[in-house]
Structure formats: structure tokens, C-alpha cells
Amino acid sequence: MACTVEEKQRLQDIARELRLTIIDVTAWSGGAHVGGSLSIVELLTALYFKYLNVDPERPQWEDRDRFVLSKGHAAAALIPVLSKRGFIPEEELKTFNHFGSPFAMHPDSNKVTGCDASTGSLGHGLSIAAGMGLAARYLKKDYKTVCLMGDGECCEGSVWEAAMSIANFKLTNVITIVDRNRLMIDGFTEDVMALEPFAEKWHSFGFDVIEIDGHDFEQVCSALEKGWNATEKPVFILANTIKGKGVDFMENNVVWHYASADSALCEKAKASILNL
Amino acid sequence: MSTITGTTWNCYDSATMTPREIYGRTLAELAKTNDRIVGVTADLAKTTAIVHFANAFPNRFFNVGIAEQNMLGIAAGLAKAGLIPFASSMAVFVSMRGGEQVRTDIAYQNLPVKIIGTHAGISFGHAGTTHHCTEDLAIMRSIANMTVICPADGIETSLAVRACVDIPGPVYIRIGRGFEPPCYPDENYGFTIGKAIEMVPGTDITIISCGIAVLQSVQAAKTLLEQDGISVRVINMHTIKPIDREAVLKAVTETRRILTVEEHNVEGGLGDAVASVIAESGKGCVFKKHGIYDQFATIGYAEDLYTHYELDADGIINQVRSLMGRDYEADENWEDE
């Protein structure tokens with residue numbers, strides 16, 4: 001079993017705290033991509049608190065596992081998770097977006113301790129991850145590189161250039177995840193630019209496709225373990241998620257792609273998270 | 001910045017090889033003693049001559065197919081993991097098709113990716129305007145952290161390729177397509193990134209050029225001295241960024257006339273880089289930017305195009321003669337301009 005009952009409880013507790021911090025960051029920053037940050041909480045929690053071999057004492061440790069948040073707009077989730085993992089003092093999160101802060105709407109790897117790639121322009125991260133995977137192979141290192149993309153991001157042609165190369169180079173040390181929350185800025189992915197049949201696309205590109213509920217820790221852990229142990233084909237995890245997950249009035253509503261939050265809204269959102 | 005001294009490199013013959021051929025061979029040679037060097041290309045291994053490196057070190061060479069964005073993103077990932085990637089493709093594709101990856105993945109993260117753009121300018125003239133590249137210097141010099149080099153010949157290409165390895169950030173090296181006759185008899189002329197070379201001393205006017213225009217400027221200077229008695233200083237501004245301000249200011253003060261010559265749009269390239277230095281100096285100076293005058297170049301073989309666009313010695317002579325007829329004004333009267 002990829003995830004014991006106790007472990008699941010531990011991860012769920014962390015995930016709840018992370019969601020509360022995301023709401024705080026949304027308030028402190030003056031606005032954040034809250035919907036797409038809440039949808040990846042279980043994925044980030046499982047990665048940073050169970051699978052990624054990283055060390056806050058040595059953020060540039062050359063044998064560490066790498067994580068590329070290709071959907072860089074979810075920095076409001078990544079930076080809090082790095083903080084909870086010990087890379088960044090929590091107090092510093094209050095500077096988010098403000099003058100001179102290391103933290104912005106999209107993460108800067110030269111400023112954010114523990115962040116492995118500067119991202120924000122969509123469709124770039126998977127190529128960077130492929131480069132990290134090729135480097136590991138050449139340097140004879142066994143670190144893994146995990147890349148998390150948004151589903152709307154897959155409209156970018158460069159994603160498919162990268163996908164083709166990961167399969168071509170048989171980069172089983174790169175694990176590709178898509179946060180399939182089905183929403184992009186202008187609406188549902190299938191209305192704006194249809195992605196389906198999405199799993200089949202990745203399968204035909206040469207990936208071992210694992211489709212999961214991206215909010216179920218047992219499924220998330222099981223898929224990541226398959227990714228970690230891949231030897232034949234690179235693993236692609238299609239994580240079906242809900243944009244805004246955990247805050248009832250934000251769920252599956254495109255209005256919350258990006259939003260600001262006053263104290264009343266924060267209270268309401270947090271109450272919803274605590275009732276989850 | 002880095003200086004190469006005292007090394008004898010026998011991996012190329014500047015009398016017969018194209019600069020890109022020399023680049024490929026130099027890289028393969030460099031990689032023998034530096035296992036951090038890796039190579040990427042987008043289906044142009046042979047065309048950009050990185051194939052020499054690829055054949056010598058197949059385990060650290062990655063051909064991503066016809067996908068320049070992916071090539072540059074992968075280069076960023078390789079560099080993030082501590083390697084020194086050389087990414088080779090045509091200038092037009094590395095500066096524009098993958099331009100945002102250059103800016104965001106490589107330069108913004110200040111990664112030591114060395115981007116080699118071949119077939120630059122109008123050197124691949126007969127390929128048609130899709131394959132010309134008269135914009136790359138403007139694009140690359142506007143990107144923070146980027147060092148931009150346009151070597152004058154094969155010897156300088158080899159020196160630039162070796163020197164750029166020691167630069168901790170990204171470097172763009174622009175080279176042409178065909179054979180370019182050497183400007184230098186050997187490598188021992190003190191090449192340093194960011195430091196211009198005075199090719200010909202002179203006191204009446206200064207030509208500041210880069211790339212293929214350097215040798216043509218040198219030849220023009222000789223003719224102008226012989227036929228017109230004009231003393232022309234020629235400066236090889238091989239590093240467009242950071243530009244050698246001192247060399248420009250010296251030319252302003254000592255010759256008071258400057259002509260820039262480049263195989264590039266006159267908008268945004270070497271000419272504008274020099275113009276900024278002159279303008280900020282506050283000194284009066286007769287000045288002209290010569291190159292491709294804000295148009296897409298016509299089709300033709302490179303040598304015909306160089307003649308047509310007056311980028312050869314004869315054309316440069318015409319430019320200098322017309323500039324000698326003008327003088328800078330010390331007065332404040334704009335009515336007669």
C-alpha cells in the first residue's frame with residue numbers, strides 16, 4: 001500500500017494547513033491564483049512530505065530530487081509548501097508580491113530558496129525538466145525530476161515538443177503530472193480549446209499514463225510510486241482535480257482563477273476548509 | 001572578463017575552414033578537458049558543425065529534432081543541473097523561435113548556456129528572407145544578463161567559444177554561414193570579451209564594425225589612405241554587449257567622426273549600442289549607422305548581397321567618403337540642419 005492510514009491522516013493534516021496558508025497568501029499578496037493553487041495541494045503535499053528527497057539545510061544539494069512547477073502561477077501554493085517544508089520562514093510569506101519581496105505571482109528560482117526553476121510563461125517547464133533528467137543520466141545521478149503542469153497549459157505547442165523528447169530519450173527519471181482541473185482563464189478547457197482525448201494523447205506520445213483522483217492521497221501516492229519506479233516508459237500522471245478544491249464557494253468556478261481576498265472572505269474560505 | 005593566452009590550438013585551419021566549422025572543432029577540443037560541457041541542437045548538428053562535438057562525445061550530446069523552444073528549455077535544465085550547454089541552431093531560430101526560452105528560461109535564471117547562432121545576417125541570402133537574421137543583435141542585447149559576441153573570423157570564433165566557457169551567465173555568439181577570410185594571422189592578438197581591438201590606427205574617422213564587416217573595413221581603410229589620404233581608424237567591436245565604452249569614447253575625442261558597420265538592421269544592433277555611448281558622452285561627433293536599413297533583405301548569394309548593401313570594402317569606402325564631407329557643429333543653430 002502506497003499510503004498507510006496514519007500517513008494519509010498526516011498528509012491530510014498538512015494539506016489542510018497548506019490550504020489555510022494559501023488563503024492567507026491570497027490576502028497578504030493582494031491577489032493570487034487561488035483556484036489553481038488549491039487544486040494541487042494534495043499533489044504538492046505528497047511530493048514535498050513523502051517523495052521528494054530534498055534538504056532545507058542544503059537547498060542546492062546536487063543529488064536532490066527536482067521539482068518544476070511549470071504552472072508557475074500556482075506560486076501561491078508552491079511557496080507555502082516550501083515554507084512548511086522548512087526552506088522559507090513562514091513570516092516572510094507576508095511580503096508576497098510587495099516591493100523587493102522574493103515572492104511574486106510566479107516563482108523566481110534565484111530568489112525563492114528551494115525553488116528549482118523560474119516559471120510562469122506556460123509551456124516551458126517540461127523542457128527544463130527534460131534537461132534536468134538528461135543531466136542526471138549523464139552525471140550518473142539517480143535523482144528524479146517531477147514536473148507539474150496545468151491542463152490549459154497543454155495548449156502550448158512547446159509542451160508537446162518536450163513530451164516527444166522525454167519519450168524519445170526514455171527519460172524514466174522524469175515524472176510528468178498534469179493538474180486536470182478542466183478550467184482555464186476564459187472558461188472550461190473543452191470549450192476554449194478541447195484537450196480530449198487527453199490521456200490518449202499522452203499515451204500515444206509514449207507515456208505510461210496513470211489517471212487518478214488528484215485529491216485522494218492513496219491514489220496520488222500510488223501513482224507517484226509508479227513514477228519513481230519506472231524503468232520502461234516515462235510516467236505521466238493525469239490528476240483529475242477540482243479548481244478551488246476545499247473552499248466550497250470557489251470549487252469549479254472560473255471566477256476564482258485569480259482573486260483577492262478581504263478578511264471577511266478569508267474567514268469564510270477558512271471556515272469552509274476546516275469543514276472539509 | 002576572460003582572456004585566452006599562450007594556448008596553441010591545432011584543431012582548425014583558419015585559411016580553409018568556415019567559422020562554424022572552427023566552432024564545432026573548437027568545442028570538441030574544449031570538451032576533452034571539461035566534462036561539464038554538453039551540446040544540444042535542433043536537427044542542425046551538421047549544419048552548425050556541432051557534429052564534431054557530437055561524434056566525439058555522443059553521451060553528452062542531445063538532438064531534440066526540429067524544436068528550438070524545447071532545445072533551449074532543455075539547455076536551461078541541463079545548466080540548472082550544473083552543466084555548461086552549448087545550444088546550436090541558426091541565428092534566426094535561436095533568437096526568435098526560441099526567443100522567450102532564451103529570455104525566461106536561460107537569461108532570467110542567469111544560466112551558463114552558450115547559444116550559438118549560425119547563418120546570421122544575410123550570410124544565407126539565397127535561402128530567402130525566412131532564413132536571414134538581421135534582428136538577433138538587437139534582441140539579444142536587450143536581454144539582461146546576456147553577453148553578445150559577433151566574431152570577425154574563424155580565429156576569433158574559436159577564441160570566443162573558448163572564452164565564453166568562463167562567463168558565469170548566458171552568452172550569445174553570432175556566426176555566419178560561409179567561409180570568411182581571416183582578419184588575423186594568428187590567435188595572439190589579445191582577445192578579451194568586452195575589449196575592442198584596434199585593427200588599423202587612424203585620426204580622421206573611426207569605423208566601428210563587427211563580424212564580416214571588420215575585414216572589409218580594414219581593406220577600405222587601406223584604400224582610403226592610399227587614394228584619399230584619409231586616416232581611418234578601424235575598431236573590431238566583437239563584443240556588442242557589454243560594449244567597450246572606452247574605445248568608443250576615445251574614437252569620439254580623437255577622430256570626431258564615427259561610422260558603424262554591421263550585417264544587421266541599423267535599428268537596435270551595434271550602431272545603436274555605439275550611438276548610446278556617443279550620445280551619453282555629450283561630445284559632438286559626426287556619426288552614421290551603416291547596415292541593412294530597416295528592411296527585409298532581398299534574395300541572393302551572400303557576396304552579391306554584401307555588394308548590394310554596401311557591406312563590402314567598396315561600399316564602406318563610399319560611406320566613409322560621404323561622411324568625410326560632413327562635420328559636427330559646435331553651435332546651437334538647428335535651422336541649418
# chains A, B, ... in the order shown; residues from 1 in each chain; ligands from 1

$ residues_around --residues "segment 143-158 of chain A" --least-positions-apart "3" --cutoff "7 Å" --atoms "only C-alpha atoms" --output "PyMOL selection string"
(chain A and resi 63-71+122-126+129+132-133+136+161-162+173-184+189) or (chain B and resi 69-70)

$ interface_residues --of "chain B" --to "chain A" --cutoff "12 Å" --atoms "only C-alpha atoms" --output "ChimeraX atom specification"
/B:35-40,42,57-85,97-111,113

$ residues_around --residues "segment 168-184 of chain B" --least-positions-apart "4" --cutoff "9 Å" --atoms "only C-alpha atoms" --output "PyMOL selection string"
chain B and resi 14-20+47-48+91+102+106-107+109-124+136-137+140+145-157+160-161+164+188-189+199+211-212+214-215+218+302

$ atom_distance --atom1 "atom CA of Val54 of chain A" --atom2 "atom CA of Gly86 of chain A"
10.3 Å

$ atom_distance --atom1 "atom CA of Leu195 of chain A" --atom2 "atom CA of Asn240 of chain A"
13.4 Å

$ closest_residue --among "B:Cys133, B:Val234, B:Ile258, B:Glu246" --to "Lys222 of chain B" --atoms "only C-alpha atoms"
B:Val234

$ select_by_dssp --residues "segment 103-275 of chain A" --states "strand (DSSP E or B)" --output "ChimeraX atom specification"
/A:145-150,174-180,183-184,187-188,208-213,235-240,259

$ select_by_dssp --residues "segment 39-240 of chain A" --states "helix (DSSP H, G or I)" --output "NGL selection string"
:A and (41-51 or 72-84 or 90-95 or 125-138 or 152-155 or 157-168 or 189-192 or 198-204 or 217-228)

$ atom_distance --atom1 "atom CA of Pro102 of chain A" --atom2 "atom CA of Ile79 of chain A"
10.1 Å

$ residues_around --residues "segment 31-39 of chain A" --least-positions-apart "3" --cutoff "7 Å" --atoms "only C-alpha atoms" --output "number ranges by chain"
A: 19, 26-27, 73-74, 76-77, 105, 181, 241-245, 250, 256-261

$ write_last_selection --atoms "N, CA, C and O atoms" --output "compact mmCIF listing (two decimals), in the first residue's frame"
# COMPACT_ATOMS: atom_id res chain seq x y z
N ARG A 19 -3.75 24.66 2.71
CA ARG A 19 -4.89 25.40 2.14
C ARG A 19 -5.14 26.69 2.92
O ARG A 19 -5.41 27.75 2.34
N THR A 26 -3.21 34.69 -0.29
CA THR A 26 -4.10 35.41 -1.21
C THR A 26 -4.44 36.78 -0.63
O THR A 26 -4.49 37.78 -1.35
N ALA A 27 -4.60 36.83 0.68
CA ALA A 27 -4.90 38.11 1.34
C ALA A 27 -3.64 38.98 1.41
O ALA A 27 -3.67 40.15 1.02
N HIS A 73 1.99 30.01 -12.14
CA HIS A 73 1.02 30.89 -11.47
C HIS A 73 0.53 30.32 -10.15
O HIS A 73 -0.11 31.02 -9.38
N ALA A 74 0.84 29.05 -9.91
CA ALA A 74 0.46 28.47 -8.62
C ALA A 74 1.57 28.64 -7.57
O ALA A 74 1.69 27.86 -6.64
N ALA A 76 1.48 30.59 -5.33
CA ALA A 76 0.78 30.77 -4.04
C ALA A 76 0.59 29.44 -3.32
O ALA A 76 0.23 29.42 -2.15
N ALA A 77 0.81 28.31 -4.01
CA ALA A 77 0.81 27.01 -3.35
C ALA A 77 2.25 26.51 -3.15
O ALA A 77 2.59 25.97 -2.11
N MET A 105 3.79 36.47 -7.99
CA MET A 105 2.75 35.61 -8.55
C MET A 105 3.34 34.38 -9.25
O MET A 105 2.72 33.34 -9.32
N ASN A 181 -7.78 20.26 -13.87
CA ASN A 181 -8.93 20.86 -13.18
C ASN A 181 -9.97 21.38 -14.17
O ASN A 181 -11.00 21.90 -13.77
N THR A 241 -8.65 16.90 -10.89
CA THR A 241 -8.76 17.72 -9.68
C THR A 241 -9.94 18.68 -9.82
O THR A 241 -10.57 18.76 -10.88
N ILE A 242 -10.16 19.42 -8.75
CA ILE A 242 -11.22 20.43 -8.76
C ILE A 242 -10.56 21.78 -8.48
O ILE A 242 -9.86 21.95 -7.47
N LYS A 243 -10.74 22.68 -9.40
CA LYS A 243 -10.18 24.02 -9.20
C LYS A 243 -10.88 24.65 -7.99
O LYS A 243 -12.10 24.57 -7.86
N GLY A 244 -10.07 25.21 -7.10
CA GLY A 244 -10.65 25.81 -5.89
C GLY A 244 -10.95 24.80 -4.80
O GLY A 244 -11.61 25.12 -3.81
N LYS A 245 -10.45 23.57 -4.93
CA LYS A 245 -10.78 22.47 -4.02
C LYS A 245 -10.62 22.86 -2.54
O LYS A 245 -9.59 23.40 -2.14
N MET A 250 -15.62 28.31 -3.99
CA MET A 250 -14.64 28.52 -5.07
C MET A 250 -14.57 27.33 -6.03
O MET A 250 -14.07 27.46 -7.15
N TRP A 256 -12.71 32.17 -9.62
CA TRP A 256 -11.64 32.09 -8.63
C TRP A 256 -10.31 31.66 -9.23
O TRP A 256 -9.42 31.22 -8.51
N HIS A 257 -10.17 31.77 -10.54
CA HIS A 257 -8.86 31.52 -11.16
C HIS A 257 -7.83 32.43 -10.51
O HIS A 257 -6.76 32.01 -10.08
N TYR A 258 -8.18 33.70 -10.45
CA TYR A 258 -7.34 34.69 -9.77
C TYR A 258 -8.27 35.56 -8.95
O TYR A 258 -9.31 36.02 -9.45
N ALA A 259 -7.90 35.79 -7.71
CA ALA A 259 -8.79 36.61 -6.89
C ALA A 259 -8.03 37.23 -5.73
O ALA A 259 -6.94 36.77 -5.37
N SER A 260 -8.58 38.28 -5.21
CA SER A 260 -8.06 38.83 -3.96
C SER A 260 -9.05 38.47 -2.85
O SER A 260 -10.16 38.02 -3.12
N ALA A 261 -8.61 38.68 -1.62
CA ALA A 261 -9.49 38.27 -0.51
C ALA A 261 -9.38 39.27 0.63
O ALA A 261 -8.27 39.56 1.09

$ closest_residue --among "B:Leu270, B:Cys11, B:Leu44, B:Ile316" --to "Ser142 of chain B" --atoms "only C-alpha atoms"
B:Leu270

$ residues_around --residues "Leu20 of chain A" --least-positions-apart "3" --cutoff "9 Å" --atoms "only C-alpha atoms" --output "list in words"
Ala15, Arg16, Glu17, Ile23, Asp24, Val25, Cys266, Ala269, Lys270, Ile273 and Leu274 of chain A

$ closest_residue --among "A:Leu52, A:Ala46, A:Leu18, A:Leu11" --to "Val220 of chain A" --atoms "only C-alpha atoms"
A:Ala46

$ closest_residue --among "B:Asn10, B:Thr255, B:Ser88, B:Thr307" --to "Leu30 of chain B" --atoms "only C-alpha atoms"
B:Asn10

$ closest_residue --among "A:Ile185, A:Gly246, A:Gly114, A:Cys221" --to "Arg58 of chain A" --atoms "only C-alpha atoms"
A:Gly114

$ closest_residue --among "A:Gln12, A:Gln219, A:Thr172, A:Thr113" --to "Leu82 of chain A" --atoms "only C-alpha atoms"
A:Thr113
